[in-house]
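**Student:** Take a look at coords27.txt, compact mmCIF, C-alpha atoms:
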```txt
# COMPACT_ATOMS: atom_id res chain seq x y z
CA MET A 1 44.73 100.19 -46.44
CA SER A 2 42.38 100.47 -43.49
CA LYS A 3 43.32 100.08 -39.86
CA ALA A 4 41.61 97.93 -37.22
CA THR A 5 40.26 99.64 -34.14
CA ALA A 6 41.37 98.75 -30.64
CA THR A 7 39.55 96.06 -28.68
CA THR A 8 39.70 95.87 -24.90
CA ASN A 9 38.04 93.96 -22.07
CA VAL A 10 37.01 91.01 -24.24
CA ASP A 11 37.15 87.26 -23.88
CA PHE A 12 37.31 84.55 -26.52
CA SER A 13 33.53 84.08 -26.56
CA THR A 14 33.11 87.62 -27.96
CA LEU A 15 35.41 87.12 -30.97
CA GLY A 16 32.97 85.14 -33.13
CA LEU A 17 34.52 81.70 -32.62
CA ASP A 18 32.26 78.65 -32.59
CA ASP A 19 31.74 76.41 -29.55
CA THR A 20 34.07 73.70 -30.86
CA LEU A 21 37.03 76.07 -30.95
CA LEU A 22 36.08 77.78 -27.69
CA LYS A 23 36.13 74.39 -26.00
CA ALA A 24 39.64 73.68 -27.32
CA VAL A 25 40.86 77.12 -26.24
CA GLN A 26 39.44 76.56 -22.76
CA GLU A 27 41.02 73.11 -22.52
CA ALA A 28 44.35 74.64 -23.48
CA GLY A 29 44.05 76.88 -20.43
CA TYR A 30 43.51 80.25 -22.13
CA LYS A 31 40.87 82.60 -20.75
CA LYS A 32 41.50 86.05 -22.22
CA PRO A 33 42.77 86.84 -25.73
CA THR A 34 45.94 88.87 -26.10
CA PRO A 35 45.60 92.30 -27.79
CA VAL A 36 46.67 90.99 -31.20
CA GLN A 37 44.23 88.06 -30.92
CA ALA A 38 41.39 90.39 -29.90
CA LYS A 39 41.99 92.57 -32.97
CA ALA A 40 43.08 90.02 -35.58
CA ILE A 41 40.71 87.07 -35.01
CA PRO A 42 37.42 88.91 -35.74
CA MET A 43 38.99 90.56 -38.79
CA ALA A 44 40.39 87.29 -40.16
CA LEU A 45 37.00 85.62 -39.71
CA THR A 46 35.48 88.11 -42.18
CA GLY A 47 37.60 86.72 -45.01
CA ARG A 48 39.37 90.03 -45.65
CA ASP A 49 43.08 90.30 -46.37
CA MET A 50 45.00 91.46 -43.31
CA MET A 51 48.48 92.67 -42.35
CA ALA A 52 49.33 92.29 -38.67
CA SER A 53 52.33 93.51 -36.73
CA ALA A 54 52.91 92.60 -33.08
CA GLN A 55 55.88 92.06 -30.81
CA THR A 56 57.00 88.48 -30.39
CA GLY A 57 55.40 86.41 -27.64
CA THR A 58 51.99 88.05 -27.95
CA GLY A 59 50.07 85.00 -29.17
CA LYS A 60 49.95 85.83 -32.87
CA THR A 61 49.92 82.15 -33.92
CA ALA A 62 46.40 81.71 -32.53
CA SER A 63 45.43 84.89 -34.39
CA PHE A 64 45.46 82.92 -37.64
CA THR A 65 45.13 79.27 -36.58
CA LEU A 66 41.72 79.80 -34.94
CA PRO A 67 40.17 81.74 -37.87
CA ILE A 68 41.54 79.21 -40.37
CA LEU A 69 40.06 76.28 -38.45
CA GLN A 70 36.68 77.99 -38.25
CA ARG A 71 36.55 79.13 -41.88
CA LEU A 72 37.58 75.72 -43.24
CA SER A 73 35.03 73.97 -41.00
CA GLN A 74 32.34 76.09 -42.63
CA MET A 75 33.48 75.22 -46.17
CA LYS A 76 32.63 72.12 -48.15
CA ALA A 77 34.93 69.23 -47.24
CA SER A 78 37.80 68.54 -49.62
CA ASN A 79 40.72 66.17 -49.80
CA ALA A 80 43.06 68.95 -50.99
CA VAL A 81 45.03 71.70 -49.27
CA ARG A 82 42.75 74.67 -48.61
CA ALA A 83 44.93 76.65 -46.20
CA LEU A 84 48.67 77.22 -46.44
CA VAL A 85 50.89 78.75 -43.75
CA LEU A 86 54.42 79.69 -44.87
CA VAL A 87 57.01 80.08 -42.09
CA PRO A 88 60.76 80.80 -42.18
CA THR A 89 62.13 77.95 -40.05
CA ARG A 90 61.57 74.30 -39.22
CA GLU A 91 61.15 75.12 -35.53
CA LEU A 92 58.36 77.58 -36.26
CA ALA A 93 56.72 75.10 -38.64
CA LEU A 94 56.51 72.57 -35.81
CA GLN A 95 55.16 75.18 -33.41
CA VAL A 96 52.41 76.24 -35.82
CA PHE A 97 51.62 72.59 -36.57
CA GLU A 98 51.17 71.93 -32.84
CA SER A 99 48.92 74.98 -32.56
CA PHE A 100 46.60 73.61 -35.24
CA LYS A 101 46.53 70.24 -33.44
CA THR A 102 45.72 71.90 -30.11
CA TYR A 103 42.92 74.16 -31.34
CA GLY A 104 41.60 71.76 -33.97
CA LYS A 105 41.35 68.72 -31.69
CA HIS A 106 37.52 68.71 -31.88
CA THR A 107 37.37 69.18 -35.65
CA GLU A 108 37.89 66.72 -38.50
CA LEU A 109 40.50 68.92 -40.19
CA LYS A 110 43.92 67.45 -40.96
CA THR A 111 47.19 69.37 -40.77
CA VAL A 112 50.54 68.40 -42.31
CA ALA A 113 53.90 70.16 -41.89
CA VAL A 114 56.67 70.03 -44.50
CA PHE A 115 60.18 71.46 -44.13
CA GLY A 116 63.77 70.74 -45.09
CA GLY A 117 66.31 68.73 -43.15
CA VAL A 118 64.21 65.56 -42.95
CA ASP A 119 63.23 62.77 -45.36
CA ILE A 120 60.88 64.18 -48.01
CA GLU A 121 59.30 60.76 -48.58
CA GLU A 122 57.76 60.72 -45.09
CA GLN A 123 56.20 64.13 -45.74
CA LEU A 124 54.87 63.04 -49.13
CA THR A 125 53.30 59.98 -47.51
CA ALA A 126 51.55 62.21 -44.97
CA LEU A 127 50.30 64.50 -47.76
CA SER A 128 49.00 61.53 -49.76
CA LYS A 129 46.60 60.73 -46.90
CA GLY A 130 44.96 64.14 -47.30
CA ALA A 131 45.56 67.54 -45.71
CA ASP A 132 43.23 70.47 -45.22
CA ILE A 133 45.99 72.67 -43.80
CA LEU A 134 49.63 72.74 -44.87
CA VAL A 135 52.37 74.37 -42.79
CA ALA A 136 55.57 74.73 -44.82
CA THR A 137 58.92 76.41 -45.18
CA PRO A 138 59.20 78.11 -48.60
CA GLY A 139 62.22 76.17 -49.86
CA ARG A 140 60.77 72.70 -49.25
CA LEU A 141 57.33 73.64 -50.62
CA ALA A 142 58.77 75.28 -53.75
CA ASP A 143 60.76 72.09 -54.36
CA MET A 144 57.62 69.95 -53.97
CA ILE A 145 55.74 72.17 -56.41
CA ASN A 146 58.58 72.00 -58.94
CA ARG A 147 58.51 68.20 -58.74
CA LYS A 148 54.73 68.28 -59.10
CA HIS A 149 54.29 66.51 -55.78
CA ILE A 150 51.64 68.98 -54.65
CA GLN A 151 49.05 71.34 -56.15
CA LEU A 152 47.48 74.41 -54.63
CA THR A 153 44.51 74.73 -56.96
CA ASN A 154 42.02 74.47 -54.06
CA LEU A 155 43.80 76.97 -51.82
CA ARG A 156 41.43 79.40 -50.08
CA ILE A 157 43.60 80.93 -47.32
CA LEU A 158 47.29 81.87 -47.43
CA VAL A 159 49.32 83.01 -44.41
CA LEU A 160 52.83 84.46 -44.45
CA ASP A 161 54.07 84.19 -40.86
CA GLU A 162 57.15 86.19 -39.86
CA ALA A 163 57.30 87.58 -43.38
CA ASP A 164 60.21 89.88 -42.53
CA ARG A 165 62.30 86.92 -41.43
CA MET A 166 61.52 85.02 -44.65
CA LEU A 167 62.74 87.97 -46.70
CA ASP A 168 65.88 88.24 -44.53
CA LEU A 169 66.61 84.56 -45.20
CA GLY A 170 66.31 85.03 -48.97
CA PHE A 171 62.99 83.25 -49.54
CA LYS A 172 61.47 85.98 -51.74
CA ASP A 173 61.89 84.02 -55.00
CA ASP A 174 60.45 80.85 -53.45
CA ILE A 175 57.46 82.79 -52.10
CA GLU A 176 56.79 84.33 -55.50
CA ARG A 177 57.04 80.89 -57.15
CA ILE A 178 54.52 79.48 -54.65
CA LEU A 179 52.12 82.40 -55.14
CA LYS A 180 52.12 81.86 -58.91
CA ASN A 181 50.84 78.33 -58.32
CA ALA A 182 48.00 79.44 -56.03
CA PRO A 183 44.54 80.67 -57.08
CA VAL A 184 44.17 84.44 -57.28
CA LYS A 185 40.90 84.33 -55.37
CA ARG A 186 41.87 83.62 -51.78
CA GLN A 187 42.25 85.29 -48.39
CA ASN A 188 45.75 86.53 -47.56
CA LEU A 189 47.07 87.07 -44.03
CA LEU A 190 50.53 88.52 -43.40
CA PHE A 191 52.25 88.65 -40.00
CA SER A 192 55.51 90.53 -39.57
CA ALA A 193 57.55 92.06 -36.76
CA THR A 194 57.90 95.22 -38.83
CA PHE A 195 56.19 96.89 -41.78
CA SER A 196 59.42 97.69 -43.59
CA LYS A 197 59.59 99.00 -47.15
CA ASP A 198 60.17 95.46 -48.46
CA ILE A 199 57.21 94.07 -46.49
CA LYS A 200 54.93 96.81 -47.78
CA GLN A 201 56.03 96.07 -51.34
CA LEU A 202 55.42 92.35 -50.85
CA ALA A 203 51.96 93.06 -49.48
CA HIS A 204 51.20 95.36 -52.40
CA ASP A 205 52.15 92.62 -54.86
CA PHE A 206 49.76 89.94 -53.62
CA MET A 207 47.18 91.41 -51.20
CA ARG A 208 43.87 93.15 -51.94
CA HIS A 209 43.12 96.24 -49.80
CA PRO A 210 44.35 94.63 -46.57
CA VAL A 211 43.20 95.85 -43.19
CA LYS A 212 46.15 96.74 -40.97
CA VAL A 213 46.48 95.55 -37.37
CA GLU A 214 49.29 96.97 -35.24
CA ILE A 215 49.92 96.28 -31.57
CA GLU A 216 52.08 98.85 -29.78
CA ASN A 217 55.66 99.16 -31.02
CA PRO A 218 56.61 95.94 -32.83
CA ASN A 219 60.29 96.61 -32.09
CA SER A 220 59.78 96.81 -28.34
CA ALA A 221 60.04 93.95 -25.88
CA ALA A 222 57.01 92.81 -23.94
CA LYS A 223 56.38 94.98 -20.89
CA THR A 224 56.35 91.85 -18.72
CA VAL A 225 60.08 91.28 -19.41
CA LYS A 226 62.51 92.88 -16.93
CA GLN A 227 65.71 93.70 -18.83
CA SER A 228 69.19 94.10 -17.31
CA PHE A 229 72.51 94.91 -18.96
CA TYR A 230 75.73 94.01 -17.10
CA PRO A 231 79.29 95.07 -18.08
CA VAL A 232 81.58 92.04 -18.52
CA ASP A 233 84.89 91.52 -20.31
CA GLN A 234 84.58 88.73 -22.87
CA PRO A 235 86.95 86.24 -21.11
CA ASP A 236 84.93 86.57 -17.89
CA LYS A 237 81.52 85.92 -19.45
CA PRO A 238 81.40 82.13 -18.80
CA GLU A 239 82.09 82.63 -15.08
CA ILE A 240 79.51 85.43 -14.81
CA LEU A 241 76.98 83.31 -16.71
CA SER A 242 77.27 80.46 -14.16
CA TYR A 243 77.10 82.96 -11.31
CA LEU A 244 73.86 84.50 -12.60
CA ILE A 245 72.13 81.17 -13.24
CA ASN A 246 73.24 79.63 -9.93
CA GLY A 247 72.84 82.76 -7.85
CA GLY A 248 69.36 83.53 -9.10
CA LYS A 249 68.28 79.90 -8.71
CA PHE A 250 66.66 79.91 -12.13
CA LYS A 251 65.17 76.49 -12.86
CA LYS A 252 65.34 77.03 -16.61
CA ALA A 253 67.23 79.43 -18.87
CA LEU A 254 67.82 80.04 -22.58
CA VAL A 255 71.28 81.41 -23.41
CA PHE A 256 72.02 82.99 -26.78
CA VAL A 257 75.50 83.00 -28.30
CA ARG A 258 76.76 84.15 -31.69
CA THR A 259 78.45 81.02 -33.05
CA LYS A 260 77.97 77.25 -33.14
CA LYS A 261 81.41 76.71 -31.63
CA ALA A 262 80.53 79.00 -28.72
CA ALA A 263 77.25 77.12 -28.12
CA ASN A 264 79.13 73.83 -27.69
CA ARG A 265 81.85 75.39 -25.54
CA ILE A 266 79.53 77.28 -23.20
CA ALA A 267 77.30 74.23 -22.70
CA GLU A 268 80.38 72.21 -21.71
CA LEU A 269 81.58 74.90 -19.28
CA LEU A 270 78.15 75.09 -17.65
CA GLU A 271 78.15 71.30 -17.24
CA GLU A 272 81.53 71.58 -15.49
CA ASP A 273 79.93 74.04 -13.09
CA GLY A 274 77.18 71.56 -12.24
CA ILE A 275 74.53 73.16 -14.47
CA ASN A 276 72.81 70.67 -16.79
CA ALA A 277 73.07 72.29 -20.23
CA GLN A 278 72.73 71.36 -23.89
CA PRO A 279 73.56 73.27 -27.12
CA ILE A 280 71.36 73.72 -30.17
CA HIS A 281 72.45 75.08 -33.56
CA SER A 282 72.36 74.35 -37.28
CA ASP A 283 75.11 71.69 -37.21
CA ILE A 284 72.84 69.48 -35.12
CA ASN A 285 70.53 67.43 -37.33
CA GLN A 286 66.81 68.06 -37.36
CA TYR A 287 65.81 64.99 -35.34
CA GLN A 288 68.29 65.82 -32.58
CA ARG A 289 67.24 69.48 -32.54
CA VAL A 290 63.58 68.56 -32.11
CA ARG A 291 64.45 66.06 -29.39
CA THR A 292 66.64 68.59 -27.59
CA LEU A 293 63.81 71.14 -27.58
CA GLU A 294 61.37 68.54 -26.28
CA ASP A 295 63.78 67.53 -23.50
CA PHE A 296 64.28 71.17 -22.54
CA LYS A 297 60.54 71.81 -22.38
CA ASP A 298 60.05 68.63 -20.32
CA GLY A 299 62.74 69.60 -17.80
CA TYR A 300 65.34 66.94 -18.58
CA PHE A 301 67.99 69.66 -18.50
CA ASP A 302 68.04 73.26 -17.30
CA VAL A 303 69.88 75.49 -19.77
CA LEU A 304 69.62 75.56 -23.55
CA VAL A 305 72.57 77.31 -25.24
CA ALA A 306 71.46 78.46 -28.67
CA THR A 307 72.52 80.34 -31.74
CA ASP A 308 69.87 82.43 -33.49
CA VAL A 309 68.46 79.26 -35.08
CA ALA A 310 66.29 79.21 -31.94
CA ALA A 311 65.59 82.94 -31.68
CA ARG A 312 62.25 82.64 -33.46
CA GLY A 313 59.56 80.04 -33.31
CA LEU A 314 60.37 78.64 -29.89
CA ASP A 315 57.31 78.42 -27.67
CA ILE A 316 58.40 77.37 -24.18
CA GLU A 317 55.86 77.75 -21.40
CA GLN A 318 57.02 79.61 -18.30
CA LEU A 319 60.59 80.22 -19.43
CA PRO A 320 61.85 82.50 -16.63
CA LEU A 321 65.16 83.70 -18.06
CA VAL A 322 66.85 84.59 -21.35
CA ILE A 323 70.53 85.55 -21.29
CA ASN A 324 72.29 87.23 -24.19
CA PHE A 325 75.82 85.89 -23.69
CA ASP A 326 76.65 87.79 -26.89
CA LEU A 327 74.65 90.71 -28.20
CA PRO A 328 73.29 89.99 -31.70
CA LYS A 329 74.68 92.05 -34.56
CA VAL A 330 71.15 92.75 -35.82
CA PRO A 331 69.25 94.78 -33.17
CA GLN A 332 65.86 93.28 -34.08
CA ASP A 333 67.21 89.85 -33.16
CA TYR A 334 67.58 91.04 -29.56
CA VAL A 335 63.82 91.64 -29.35
CA HIS A 336 63.09 88.23 -30.85
CA ARG A 337 65.52 86.54 -28.48
CA ILE A 338 64.10 87.99 -25.28
CA GLY A 339 60.61 87.42 -26.62
CA ARG A 340 61.06 83.76 -25.64
CA THR A 341 60.35 84.86 -22.04
CA GLY A 342 57.47 86.92 -20.67
CA ARG A 343 55.05 85.31 -23.11
CA ALA A 344 51.26 85.57 -22.92
CA GLY A 345 51.40 88.07 -20.06
CA GLN A 346 53.72 85.98 -17.85
CA PRO A 347 56.64 87.72 -16.08
CA GLY A 348 60.04 87.21 -17.64
CA ARG A 349 63.67 88.14 -17.12
CA ALA A 350 66.22 89.10 -19.78
CA ILE A 351 69.92 89.66 -19.09
CA ALA A 352 72.59 90.85 -21.50
CA LEU A 353 76.35 90.56 -20.85
CA ILE A 354 78.00 93.53 -22.53
CA ASN A 355 81.71 93.68 -23.31
CA PRO A 356 83.41 97.00 -24.21
CA GLU A 357 83.26 96.34 -27.97
CA GLU A 358 79.55 95.53 -27.83
CA LYS A 359 78.92 98.63 -25.75
CA LYS A 360 80.68 100.76 -28.34
CA HIS A 361 79.45 99.23 -31.59
CA LEU A 362 76.15 97.40 -30.91
CA LEU A 363 74.48 99.10 -27.95
CA PRO A 364 73.78 102.44 -29.71
CA SER A 365 71.73 100.81 -32.48
CA LEU A 366 69.84 98.70 -29.91
CA GLN A 367 69.00 101.83 -27.91
CA LYS A 368 67.72 103.45 -31.09
CA LEU A 369 65.55 100.43 -31.87
CA LEU A 370 64.10 100.24 -28.35
CA ASN A 371 63.67 104.02 -28.33
CA ARG A 372 64.95 104.34 -24.79
CA PRO A 373 68.29 104.75 -23.00
CA ILE A 374 69.92 101.53 -21.79
CA GLU A 375 71.39 101.63 -18.30
CA ILE A 376 74.46 99.50 -17.63
CA GLU A 377 74.03 98.13 -14.11
CA PRO A 378 76.55 96.65 -11.67
CA LEU A 379 76.36 92.91 -11.30
CA PRO A 380 73.92 91.87 -8.55
CA TYR A 381 74.98 90.06 -5.39
CA PHE A 382 72.90 86.95 -4.67
CA GLU A 383 72.19 85.17 -1.43
CA ASP A 384 69.77 82.24 -1.28
CA GLY A 385 68.43 83.20 -4.69
CA GLU A 386 67.64 86.78 -3.62
CA VAL A 387 69.40 89.96 -4.71
CA ARG A 388 71.11 91.63 -1.75
CA PRO A 389 72.31 95.22 -1.40
CA ASN A 390 75.94 95.87 -2.22
CA GLU A 391 78.12 95.07 0.79
CA SER A 392 81.83 95.73 0.46
CA GLU A 393 82.66 94.04 3.77
CA THR A 394 81.37 90.59 2.70
CA PRO A 395 84.31 88.19 2.07
CA ALA A 396 84.70 87.04 -1.51
CA ALA A 397 84.31 83.40 -2.46
CA LYS A 398 86.80 81.99 -4.92
CA PRO A 399 85.02 80.87 -8.12
CA ARG A 400 85.82 77.64 -9.91
CA ASN A 401 88.74 77.66 -12.32
CA ARG A 402 87.17 74.98 -14.60
CA GLY A 403 90.65 73.75 -15.48
CA ARG A 404 91.62 76.96 -17.25
CA LYS A 405 95.04 78.48 -16.64
CA PRO A 406 94.87 81.21 -13.99
CA ASP A 407 95.49 84.77 -15.07
CA PRO A 408 98.66 85.88 -13.25
CA LYS A 409 97.47 89.49 -13.46
CA ALA A 410 94.11 88.75 -11.85
CA LYS A 411 94.13 89.81 -8.22
CA LYS A 412 90.47 89.13 -7.43
CA PRO A 413 87.61 86.96 -8.73
CA ALA A 414 86.01 88.09 -11.98
CA ILE A 415 82.62 88.44 -10.29
CA LYS A 416 83.99 91.01 -7.87
CA LYS A 417 85.18 93.25 -10.70
CA TYR A 418 81.67 93.85 -12.01
CA ALA A 419 79.59 93.89 -8.85
CA GLY A 420 80.04 97.53 -7.92
CA LYS A 421 80.48 97.49 -4.13
CA THR A 422 79.65 93.79 -3.92
CA THR A 423 82.32 91.18 -3.34
CA GLY A 424 81.39 88.40 -5.70
CA LYS A 425 80.38 85.86 -3.08
CA ARG A 426 78.53 82.92 -4.57
CA GLY A 427 75.40 82.86 -2.44
CA GLY A 428 73.03 80.07 -1.55
CA SER A 429 72.86 76.52 -2.76
CA LYS A 430 72.70 75.62 -6.42
CA PRO A 431 69.36 75.22 -8.12
CA ALA A 432 68.07 71.72 -8.67
CA THR A 433 69.41 70.58 -12.01
CA GLY A 434 67.80 68.27 -14.50
CA ALA A 435 70.06 65.49 -13.31
CA ALA A 436 68.75 65.96 -9.79
CA ARG A 437 65.11 66.08 -10.83
CA GLY A 438 65.31 63.00 -13.02
CA ALA A 439 67.54 61.07 -15.37
CA ARG A 440 68.06 62.33 -18.88
CA ARG A 441 66.11 60.50 -21.54
CA PRO A 442 68.25 57.55 -22.62
CA SER A 443 67.76 58.18 -26.34
CA ALA A 444 68.89 61.81 -26.18
CA PRO A 445 72.59 61.89 -27.08
CA SER A 446 75.00 64.21 -25.33
CA GLY A 447 74.31 67.65 -26.75
CA SER A 448 77.84 68.98 -26.82
CA LYS A 449 78.97 66.11 -29.03
CA ARG A 450 76.03 66.11 -31.42
CA LYS A 451 76.91 66.56 -35.08
CA SER A 452 74.84 66.09 -38.17
```
Kindly present the structure from the file in structure tokens form.

**Tutor:**
Amino acid sequence: MSKATATTNVDFSTLGLDDTLLKAVQEAGYKKPTPVQAKAIPMALTGRDMMASAQTGTGKTASFTLPILQRLSQMKASNAVRALVLVPTRELALQVFESFKTYGKHTELKTVAVFGGVDIEEQLTALSKGADILVATPGRLADMINRKHIQLTNLRILVLDEADRMLDLGFKDDIERILKNAPVKRQNLLFSATFSKDIKQLAHDFMRHPVKVEIENPNSAAKTVKQSFYPVDQPDKPEILSYLINGGKFKKALVFVRTKKAANRIAELLEEDGINAQPIHSDINQYQRVRTLEDFKDGYFDVLVATDVAARGLDIEQLPLVINFDLPKVPQDYVHRIGRTGRAGQPGRAIALINPEEKKHLLPSLQKLLNRPIEIEPLPYFEDGEVRPNESETPAAKPRNRGRKPDPKAKKPAIKKYAGKTTGKRGGSKPATGAARGARRPSAPSGSKRKS
């Protein structure tokens, strides 16, 4: 297995892309390729097999969508699937599908996405009209192959995107079944957050002398993301969450929780505090999940409260803040979560609320993964959206009770307990919420009550 050399100080015009694709890239607002794009695109254009590892949020989707569009444009036209991209989740399938639409807008190539959770007949109808590129989740595609709804006899390029996640989700058998139905002679591209033992074995089974592309430490967060870890007892987390969002005047935030029940509850509590929030998790049906994501991107509400169903595959432009309300049990999921902010070189902010149990049982493994010590900081004191120095003489403001029974043992606001020398004053006015900026889309049902 060979290794690609580093590429610096390049722009898209130096990567070997044709004018049609360069025009689409320019229209999308991109000027300079990210490091993984600069290394992977020229290599993928050669037709060689390739393994690529890069931290999330580095633009890896364009690293295979652009080469696929160019290579297929240079091949003889066909009414059959010639490129297949396998992804682990429906959300990522939609993101990759949109990427092909964006970069392929000046080509004649057709892209279709298939995944579970929606009517298969609609997807079969789309396929019957012809598709050059197919984006699919392994389970749905394996089912279509078993029912003889689709053939891969003309396949020329295969991509496994987030291969490690697909193995974690138990898709290995489906992937092997799909590979058996594909021609042996094809280009294979594999993208993974890590090159674990299982990933290396998978690559050995179906790839031919792949070139290896690695960008920095795949288990590290983007350098553009400022990370903070605050000590908070579990019962106080909802109050601290509102304080951080309101105090920092963040116009948009993604909050990660561990359970579906918590996602609904936290979204409701934020709404009670005047913060326009919606939950998203696997109990919400696919249509509603897609609509919720679209509404969040379009600014119809301010805070998305998510389980790890949204940790991968979300591509939200200029997301300023990710908050880990609960630390994930799998350390790698922390990196994927905060990778939703600080994307494509933009600055980002990541905050984790750490209770004593998480500090004891989860923080050590996260420190090991990040390969650096994690400093637990006192809660900041905000005024007018700015962090102020700790001032013990500032009078404390009483936080909302939200209808919960008061703790008879509590002698001071929860915020004050964690703010070092600060006093827990809620500073400044609240940020403009989605309700203030514009009415919610009429067809979007109330998120906290959504059930599939």

**Student:** Using all atoms listed in the file, pick whichever of A:Met51, A:Val184, A:Ile68, A:Val25 has the shortest atom-to-atom distance to A:Lys105.

**Tutor:**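 The closest residue to A:Lys105 is A:Val25.
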
**Student:** Can you measure atom CA of A:Lys417 to atom CA of A:Asn246 for me? One decimal in Å is fine.

**Tutor:** 18.1 Å

**Student:** Could you give me, as a short mmCIF file (atom, residue, chain, number, x, y, z; two decimals) with C-alpha atoms, in the frame of the given file, the residues within 12 Å of stretch 81-84 of chain A, counting only C-alpha atoms and dropping anything in the same chain fewer than 3 positions from it?

**Tutor:**
```
data_model
loop_
_atom_site.label_atom_id
_atom_site.label_comp_id
_atom_site.auth_asym_id
_atom_site.auth_seq_id
_atom_site.Cartn_x
_atom_site.Cartn_y
_atom_site.Cartn_z
CA PHE A 64 45.46 82.92 -37.64
CA THR A 65 45.13 79.27 -36.58
CA PRO A 67 40.17 81.74 -37.87
CA ILE A 68 41.54 79.21 -40.37
CA LEU A 69 40.06 76.28 -38.45
CA GLN A 70 36.68 77.99 -38.25
CA ARG A 71 36.55 79.13 -41.88
CA LEU A 72 37.58 75.72 -43.24
CA SER A 73 35.03 73.97 -41.00
CA MET A 75 33.48 75.22 -46.17
CA LYS A 76 32.63 72.12 -48.15
CA ALA A 77 34.93 69.23 -47.24
CA SER A 78 37.80 68.54 -49.62
CA VAL A 87 57.01 80.08 -42.09
CA ALA A 93 56.72 75.10 -38.64
CA VAL A 96 52.41 76.24 -35.82
CA PHE A 97 51.62 72.59 -36.57
CA PHE A 100 46.60 73.61 -35.24
CA LEU A 109 40.50 68.92 -40.19
CA LYS A 110 43.92 67.45 -40.96
CA THR A 111 47.19 69.37 -40.77
CA VAL A 112 50.54 68.40 -42.31
CA ALA A 113 53.90 70.16 -41.89
CA VAL A 114 56.67 70.03 -44.50
CA LEU A 127 50.30 64.50 -47.76
CA SER A 128 49.00 61.53 -49.76
CA LYS A 129 46.60 60.73 -46.90
CA GLY A 130 44.96 64.14 -47.30
CA ALA A 131 45.56 67.54 -45.71
CA ASP A 132 43.23 70.47 -45.22
CA ILE A 133 45.99 72.67 -43.80
CA LEU A 134 49.63 72.74 -44.87
CA VAL A 135 52.37 74.37 -42.79
CA ALA A 136 55.57 74.73 -44.82
CA THR A 137 58.92 76.41 -45.18
CA PRO A 138 59.20 78.11 -48.60
CA LEU A 141 57.33 73.64 -50.62
CA ILE A 150 51.64 68.98 -54.65
CA GLN A 151 49.05 71.34 -56.15
CA LEU A 152 47.48 74.41 -54.63
CA THR A 153 44.51 74.73 -56.96
CA ASN A 154 42.02 74.47 -54.06
CA LEU A 155 43.80 76.97 -51.82
CA ARG A 156 41.43 79.40 -50.08
CA ILE A 157 43.60 80.93 -47.32
CA LEU A 158 47.29 81.87 -47.43
CA VAL A 159 49.32 83.01 -44.41
CA LEU A 160 52.83 84.46 -44.45
CA ASP A 161 54.07 84.19 -40.86
CA ILE A 175 57.46 82.79 -52.10
CA ILE A 178 54.52 79.48 -54.65
CA LEU A 179 52.12 82.40 -55.14
CA ALA A 182 48.00 79.44 -56.03
CA PRO A 183 44.54 80.67 -57.08
CA LYS A 185 40.90 84.33 -55.37
CA ARG A 186 41.87 83.62 -51.78
CA GLN A 187 42.25 85.29 -48.39
CA ASN A 188 45.75 86.53 -47.56
CA LEU A 189 47.07 87.07 -44.03
CA LEU A 190 50.53 88.52 -43.40
#
```

**Student:** With a distance cut-off of 12 Å and all atoms listed in the file, select the neighbouring residues of A:Leu366, excluding the residue or stretch itself and same-chain residues fewer than 5 positions from it, and output the selection as an MDAnalysis selection string.

**Tutor:** chainID A and resid 219:221 229 327:335 352 358:361 371:374

**Student:** Once 8 Å is added on each side, what centre and edge lengths in Å to one decimal does the axis-aligned box around all listed atoms of stretch 72-87 of chain A have, as JSON?

**Tutor:**
```
{"center_x": 44.7, "center_y": 73.1, "center_z": -46.0, "size_x": 40.7, "size_y": 29.9, "size_z": 26.0}
```
